[in-house]
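Visitor: The structure file my_file-v5.cif (mmCIF, C-alpha atoms) is provided below.
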```cif
data_protein
loop_
_atom_site.group_PDB
_atom_site.id
_atom_site.type_symbol
_atom_site.label_atom_id
_atom_site.label_comp_id
_atom_site.auth_asym_id
_atom_site.auth_seq_id
_atom_site.Cartn_x
_atom_site.Cartn_y
_atom_site.Cartn_z
ATOM 1 C CA MET A 1 -20.802 11.629 -9.666
ATOM 2 C CA SER A 2 -19.078 10.605 -6.442
ATOM 3 C CA LEU A 3 -19.716 8.634 -3.275
ATOM 4 C CA THR A 4 -22.140 10.224 -0.835
ATOM 5 C CA LEU A 5 -20.492 10.722 2.569
ATOM 6 C CA ILE A 6 -22.701 10.731 5.667
ATOM 7 C CA THR A 7 -21.260 11.386 9.121
ATOM 8 C CA ARG A 8 -22.599 11.407 12.670
ATOM 9 C CA GLN A 9 -20.968 11.841 16.067
ATOM 10 C CA VAL A 10 -21.689 8.902 18.346
ATOM 11 C CA GLY A 11 -20.748 7.802 21.839
ATOM 12 C CA PRO A 12 -19.483 9.777 24.846
ATOM 13 C CA TRP A 13 -16.269 10.885 23.080
ATOM 14 C CA GLY A 14 -17.969 12.283 20.001
ATOM 15 C CA MET A 15 -16.471 9.693 17.651
ATOM 16 C CA ASN A 16 -17.147 10.342 13.974
ATOM 17 C CA THR A 17 -18.757 7.381 12.264
ATOM 18 C CA TYR A 18 -19.099 7.449 8.494
ATOM 19 C CA ALA A 19 -21.262 5.856 5.844
ATOM 20 C CA LEU A 20 -20.388 5.884 2.154
ATOM 21 C CA ARG A 21 -23.161 5.327 -0.381
ATOM 22 C CA CYS A 22 -22.882 4.747 -4.101
ATOM 23 C CA PRO A 23 -25.431 7.060 -5.765
ATOM 24 C CA GLU A 24 -25.664 4.756 -8.790
ATOM 25 C CA SER A 25 -26.176 1.348 -7.150
ATOM 26 C CA ALA A 26 -27.243 2.368 -3.593
ATOM 27 C CA ALA A 27 -24.572 0.040 -2.172
ATOM 28 C CA SER A 28 -23.116 1.361 1.094
ATOM 29 C CA VAL A 29 -20.473 0.680 3.738
ATOM 30 C CA LEU A 30 -20.391 1.666 7.395
ATOM 31 C CA ILE A 31 -17.059 2.869 8.814
ATOM 32 C CA ASP A 32 -16.271 2.665 12.548
ATOM 33 C CA PRO A 33 -19.505 1.639 14.304
ATOM 34 C CA GLY A 34 -18.599 3.223 17.617
ATOM 35 C CA ALA A 35 -21.961 3.455 19.423
ATOM 36 C CA ASP A 36 -25.668 4.234 19.032
ATOM 37 C CA PRO A 37 -26.795 1.417 16.695
ATOM 38 C CA ASP A 38 -30.091 3.125 15.842
ATOM 39 C CA THR A 39 -28.179 6.193 14.615
ATOM 40 C CA LEU A 40 -25.871 3.975 12.587
ATOM 41 C CA SER A 41 -28.787 2.122 11.040
ATOM 42 C CA ALA A 42 -30.447 5.408 10.099
ATOM 43 C CA MET A 43 -27.282 6.484 8.277
ATOM 44 C CA LEU A 44 -27.728 3.497 5.970
ATOM 45 C CA ALA A 45 -31.403 4.128 5.184
ATOM 46 C CA ASP A 46 -32.403 3.632 1.542
ATOM 47 C CA SER A 47 -29.151 1.821 0.790
ATOM 48 C CA THR A 48 -27.869 -1.744 0.600
ATOM 49 C CA PRO A 49 -25.059 -2.227 3.132
ATOM 50 C CA THR A 50 -22.263 -4.460 1.855
ATOM 51 C CA ALA A 51 -19.586 -4.241 4.573
ATOM 52 C CA ILE A 52 -18.464 -2.751 7.879
ATOM 53 C CA LEU A 53 -14.999 -1.184 7.710
ATOM 54 C CA LEU A 54 -12.748 -0.401 10.671
ATOM 55 C CA THR A 55 -10.029 2.242 10.652
ATOM 56 C CA HIS A 56 -8.675 0.641 13.856
ATOM 57 C CA THR A 57 -9.878 -1.249 16.931
ATOM 58 C CA HIS A 58 -9.879 1.236 19.812
ATOM 59 C CA GLY A 59 -13.020 0.789 21.901
ATOM 60 C CA ASP A 60 -14.679 4.053 20.919
ATOM 61 C CA HIS A 61 -14.591 2.963 17.256
ATOM 62 C CA ILE A 62 -15.990 -0.562 17.703
ATOM 63 C CA GLY A 63 -18.495 -0.258 20.561
ATOM 64 C CA ALA A 64 -21.468 -1.153 18.359
ATOM 65 C CA LEU A 65 -19.628 -3.562 16.067
ATOM 66 C CA ALA A 66 -21.278 -6.730 17.399
ATOM 67 C CA GLU A 67 -24.765 -5.229 17.205
ATOM 68 C CA MET A 68 -24.263 -3.827 13.699
ATOM 69 C CA ARG A 69 -22.797 -7.098 12.467
ATOM 70 C CA THR A 70 -25.973 -8.805 13.653
ATOM 71 C CA ARG A 71 -28.294 -6.155 12.234
ATOM 72 C CA LEU A 72 -26.657 -5.875 8.823
ATOM 73 C CA GLY A 73 -25.392 -9.405 8.262
ATOM 74 C CA VAL A 74 -22.424 -8.110 6.257
ATOM 75 C CA PRO A 75 -18.676 -8.883 6.429
ATOM 76 C CA VAL A 76 -16.262 -6.922 8.613
ATOM 77 C CA LEU A 77 -13.098 -5.655 6.911
ATOM 78 C CA CYS A 78 -10.072 -4.389 8.834
ATOM 79 C CA HIS A 79 -6.285 -4.541 9.165
ATOM 80 C CA PRO A 80 -4.918 -7.961 10.226
ATOM 81 C CA GLY A 81 -3.484 -6.480 13.415
ATOM 82 C CA PRO A 82 -2.185 -6.844 16.021
ATOM 83 C CA HIS A 83 -5.408 -5.350 17.323
ATOM 84 C CA VAL A 84 -5.870 -3.194 20.411
ATOM 85 C CA ASP A 85 -6.003 -5.225 23.658
ATOM 86 C CA ASN A 86 -6.002 -8.449 21.590
ATOM 87 C CA PHE A 87 -9.534 -7.697 20.390
ATOM 88 C CA ASP A 88 -10.837 -10.144 17.789
ATOM 89 C CA PRO A 89 -12.983 -8.307 15.214
ATOM 90 C CA GLN A 90 -13.878 -11.619 13.529
ATOM 91 C CA ALA A 91 -13.013 -10.100 10.188
ATOM 92 C CA SER A 92 -14.110 -11.717 6.957
ATOM 93 C CA ARG A 93 -11.327 -9.970 5.056
ATOM 94 C CA HIS A 94 -8.079 -8.352 6.149
ATOM 95 C CA LEU A 95 -6.986 -5.087 4.552
ATOM 96 C CA SER A 96 -3.353 -4.181 3.979
ATOM 97 C CA GLU A 97 -1.449 -1.456 2.124
ATOM 98 C CA GLY A 98 -2.706 -0.998 -1.426
ATOM 99 C CA ASP A 99 -5.820 -3.146 -1.101
ATOM 100 C CA GLN A 100 -9.079 -1.913 -2.604
ATOM 101 C CA VAL A 101 -12.622 -2.027 -1.295
ATOM 102 C CA GLN A 102 -15.554 -1.692 -3.665
ATOM 103 C CA VAL A 103 -18.518 0.481 -2.722
ATOM 104 C CA GLY A 104 -20.920 -0.074 -5.573
ATOM 105 C CA ASN A 105 -19.324 1.432 -8.685
ATOM 106 C CA PHE A 106 -16.589 3.188 -6.710
ATOM 107 C CA SER A 107 -13.510 2.025 -4.855
ATOM 108 C CA LEU A 108 -11.493 2.847 -1.755
ATOM 109 C CA LEU A 109 -7.721 2.477 -1.517
ATOM 110 C CA VAL A 110 -6.289 1.219 1.776
ATOM 111 C CA ARG A 111 -3.252 2.995 3.250
ATOM 112 C CA GLU A 112 -1.578 1.639 6.362
ATOM 113 C CA ALA A 113 -0.975 4.452 8.874
ATOM 114 C CA PRO A 114 0.451 3.006 12.131
ATOM 115 C CA GLY A 115 1.509 5.024 15.148
ATOM 116 C CA HIS A 116 -1.664 5.765 17.076
ATOM 117 C CA CYS A 117 -2.040 1.986 17.064
ATOM 118 C CA ALA A 118 -0.629 -0.855 15.005
ATOM 119 C CA ASP A 119 -3.819 -1.592 13.034
ATOM 120 C CA GLN A 120 -4.639 1.982 11.964
ATOM 121 C CA ILE A 121 -5.557 2.343 8.283
ATOM 122 C CA CYS A 122 -6.961 5.112 6.112
ATOM 123 C CA PHE A 123 -9.509 4.793 3.313
ATOM 124 C CA VAL A 124 -8.716 6.952 0.281
ATOM 125 C CA LEU A 125 -11.716 7.558 -1.960
ATOM 126 C CA GLU A 126 -10.222 6.921 -5.387
ATOM 127 C CA ASP A 127 -10.593 9.599 -8.073
ATOM 128 C CA ASP A 128 -11.786 11.860 -5.247
ATOM 129 C CA SER A 129 -10.251 14.360 -2.840
ATOM 130 C CA ARG A 130 -11.555 12.740 0.374
ATOM 131 C CA VAL A 131 -9.790 10.415 2.822
ATOM 132 C CA ILE A 132 -11.248 8.751 5.926
ATOM 133 C CA VAL A 133 -8.208 9.010 8.209
ATOM 134 C CA GLY A 134 -9.493 7.573 11.501
ATOM 135 C CA ASP A 135 -7.278 8.711 14.373
ATOM 136 C CA THR A 136 -4.162 9.064 12.213
ATOM 137 C CA ILE A 137 -4.423 12.842 12.087
ATOM 138 C CA PHE A 138 -6.722 15.579 13.374
ATOM 139 C CA ALA A 139 -7.027 19.266 12.600
ATOM 140 C CA GLY A 140 -4.984 20.062 15.711
ATOM 141 C CA GLY A 141 -2.403 17.294 15.783
ATOM 142 C CA PRO A 142 -1.672 13.595 15.294
ATOM 143 C CA GLY A 143 -3.380 10.770 17.152
ATOM 144 C CA ARG A 144 -2.246 10.071 20.714
ATOM 145 C CA THR A 145 0.661 7.676 21.200
ATOM 146 C CA TRP A 146 1.524 5.481 24.182
ATOM 147 C CA SER A 147 5.279 5.051 23.688
ATOM 148 C CA SER A 148 8.148 6.969 22.135
ATOM 149 C CA GLU A 149 8.486 4.165 19.579
ATOM 150 C CA ASP A 150 4.854 4.645 18.554
ATOM 151 C CA PHE A 151 5.430 8.387 18.289
ATOM 152 C CA ARG A 152 8.392 7.829 15.961
ATOM 153 C CA THR A 153 6.141 5.550 13.907
ATOM 154 C CA THR A 154 3.594 8.377 13.741
ATOM 155 C CA LEU A 155 6.249 10.758 12.427
ATOM 156 C CA HIS A 156 7.121 8.213 9.744
ATOM 157 C CA THR A 157 3.439 7.880 8.803
ATOM 158 C CA LEU A 158 3.036 11.648 8.577
ATOM 159 C CA GLN A 159 6.134 11.956 6.386
ATOM 160 C CA ASN A 160 5.498 9.020 4.088
ATOM 161 C CA VAL A 161 1.725 8.581 3.975
ATOM 162 C CA VAL A 162 -0.026 11.844 4.844
ATOM 163 C CA LEU A 163 2.216 14.606 3.496
ATOM 164 C CA PRO A 164 2.472 13.120 -0.031
ATOM 165 C CA TRP A 165 -1.281 13.596 -0.468
ATOM 166 C CA PRO A 166 -2.247 16.689 -2.527
ATOM 167 C CA ASP A 167 -3.087 19.970 -0.804
ATOM 168 C CA ALA A 168 -6.711 19.559 -1.940
ATOM 169 C CA THR A 169 -7.089 16.380 0.117
ATOM 170 C CA LEU A 170 -10.007 16.589 2.559
ATOM 171 C CA CYS A 171 -9.262 14.611 5.722
ATOM 172 C CA TYR A 172 -12.184 13.119 7.656
ATOM 173 C CA PRO A 173 -10.908 12.129 11.127
ATOM 174 C CA GLY A 174 -12.282 9.978 13.924
ATOM 175 C CA HIS A 175 -12.903 13.029 16.110
ATOM 176 C CA GLY A 176 -13.467 16.691 15.377
ATOM 177 C CA PRO A 177 -13.985 18.545 12.103
ATOM 178 C CA SER A 178 -12.768 17.624 8.663
ATOM 179 C CA PHE A 179 -10.020 19.793 7.196
ATOM 180 C CA ARG A 180 -8.098 20.484 3.989
ATOM 181 C CA LEU A 181 -4.573 19.075 4.139
ATOM 182 C CA GLY A 182 -3.063 22.074 2.356
ATOM 183 C CA ASP A 183 -4.277 24.344 5.157
ATOM 184 C CA LYS A 184 -2.248 22.286 7.663
ATOM 185 C CA ARG A 185 0.758 21.328 5.545
ATOM 186 C CA ALA A 186 3.155 23.983 6.848
ATOM 187 C CA VAL A 187 2.539 23.181 10.532
ATOM 188 C CA ILE A 188 2.693 19.428 9.897
ATOM 189 C CA GLU A 189 5.980 19.743 8.031
ATOM 190 C CA ALA A 190 7.411 21.853 10.860
ATOM 191 C CA PHE A 191 6.172 19.310 13.413
ATOM 192 C CA VAL A 192 7.812 16.409 11.575
ATOM 193 C CA ALA A 193 11.082 18.331 11.225
ATOM 194 C CA LYS A 194 11.459 19.002 14.976
ATOM 195 C CA ASP A 195 13.451 16.882 17.401
ATOM 196 C CA HIS A 196 10.830 15.642 19.870
ATOM 197 C CA GLY A 197 13.235 13.502 21.880
ATOM 198 C CA ALA A 198 11.532 10.595 23.652
ATOM 199 C CA PHE A 199 8.098 12.235 23.570
ATOM 200 C CA HIS A 200 4.827 10.346 23.436
ATOM 201 C CA GLY A 201 1.243 11.208 24.349
ATOM 202 C CA ASP A 202 -1.161 13.894 23.132
ATOM 203 C CA ALA A 203 0.523 16.242 20.678
ATOM 204 C CA THR A 204 -0.413 19.457 18.908
ATOM 205 C CA TRP A 205 1.112 20.756 15.690
ATOM 206 C CA GLU A 206 2.415 23.848 17.454
ATOM 207 C CA MET A 207 4.349 22.039 20.210
#
```
Kindly transcribe the structure held in the file into structure tokens.

Guide:
Amino acid sequence: MSLTLITRQVGPWGMNTYALRCPESAASVLIDPGADPDTLSAMLADSTPTAILLTHTHGDHIGALAEMRTRLGVPVLCHPGPHVDNFDPQASRHLSEGDQVQVGNFSLLVREAPGHCADQICFVLEDDSRVIVGDTIFAGGPGRTWSSEDFRTTLHTLQNVVLPWPDATLCYPGHGPSFRLGDKRAVIEAFVAKDHGAFHGDATWEM
């Protein structure tokens, strides 16, 4: 028995929003309410929502946050920040490295994964192979960075957070398809090992 994962693409940038549902208790959480509140509500049908979780606070991931907070009446959980553009998510609980979030009879482990932005976190489904990675990492490359310092932080996150995960890890990103980490390990390791100078911006593993 494991958490049921439901995903939909919402908003103009095709942002992946996720719902996790406990099959035993029907408790659920909504992750990254980017847009389309009716779609988000439908993802939670036949469950009891207990929280809204944010992987980070870029606009495409929080566009429907206010509406979903009102509809669901549940707490918002996210990293303490600093948040993007000084956004205030009005969080009921802040999540830092090593914290746990209960979803019914199951739990999620919080991993801090800065680089793309300072408040980026991943949700590791414990005793499971799946990780909700937000914009930390995609099938084709890491999340965009806006300074060379942020890019160096991304390299550190890849080396110390992502690569230690087992090959069987299934990564569920904020955009695009999910992927098995082992299928990307060689190109990620090569990417981390390169001297990228003062680079920042959109990157691909092959660059």

Visitor: With the file shown as input, list the residues that the PyMOL selection byres ((chain A and resi 105) around 10) selects, as a ChimeraX atom specification.

Guide: /A:2-3,21-27,102-104,106-107

Visitor: Between CA of Pro75 in chain A and CA of Arg130 in chain A, measure the distance and give it in Å to one decimal.

Guide: 23.6 Å

Visitor: For Ala118 in chain A, please output as a PyMOL selection string all residues within 12 Å (counting only C-alpha atoms; exclusion window: fewer than 4 positions along the same chain).

Guide: chain A and resi 55-58+78-86+96+112-114+135-136+145-146+149-151+153-154+157

Visitor: I'd like to see the residues matched by the PyMOL selection byres ((chain A and resi 42) around 12) on this file, and ideally I'd get them as a ChimeraX atom specification.

Guide: /A:6-8,18-19,30,36-41,43-47,49,68,71-72

Visitor: Hey, what comes out of the PyMOL selection byres ((chain A and resi 192) around 8) on this file? Could you write it as a list of chain:residue names?

Guide: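 Written out, the selection comes to A:Leu155, A:Leu158, A:Gln159, A:Ile188, A:Glu189, A:Ala190, A:Phe191, A:Ala193, A:Lys194.
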
Visitor: Please provide the set of residues having any atom within 8 Å of Ser92 in chain A, restricted to all atoms listed in the file, with same-chain residues fewer than 2 positions apart removed, written as a count of residues only.

Guide: 5

Visitor: If we count only C-alpha atoms, what is near range 121-124 of chain A at a cut-off of 6 Å, once residues fewer than 4 positions away on the same chain are taken out, given as a VMD selection string?

Guide: chain A and resid 55 108 to 113 131 to 133

Visitor: With C-alpha atoms kept, could you save the residues just selected as a CSV table (one decimal), in the coordinates of the input?

Guide:
```csv
chain,number,residue,atom,x,y,z
A,55,THR,CA,-10.0,2.2,10.7
A,108,LEU,CA,-11.5,2.8,-1.8
A,109,LEU,CA,-7.7,2.5,-1.5
A,110,VAL,CA,-6.3,1.2,1.8
A,111,ARG,CA,-3.3,3.0,3.2
A,112,GLU,CA,-1.6,1.6,6.4
A,113,ALA,CA,-1.0,4.5,8.9
A,131,VAL,CA,-9.8,10.4,2.8
A,132,ILE,CA,-11.2,8.8,5.9
A,133,VAL,CA,-8.2,9.0,8.2
```

Visitor: From the options A:Gly143, A:Asp167, A:Ala35, A:Gly115, which residue's atoms come nearest to Trp205 in chain A, counting all atoms listed in the file?

Guide: A:Gly143

Visitor: Record the distance separating CA of His61 in chain A and CA of Phe138 in chain A, expressed in Å with one decimal.

Guide: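 Going from CA of His61 in chain A over to CA of Phe138 in chain A covers 15.4 Å.
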
Visitor: CA of Gly14 in chain A to CA of Trp165 in chain A: how many Å, to one decimal?

Guide: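 Spanning CA of Gly14 in chain A to CA of Trp165 in chain A is a straight-line distance of 26.4 Å.
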
Visitor: Given the choices A:Leu5, A:Val10, A:Ile62, A:Ile137, which gets closest to Pro33 in chain A if the distance is worked out from all atoms listed in the file?

Guide: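 Result for the nearest residue to Pro33 in chain A: A:Ile62.
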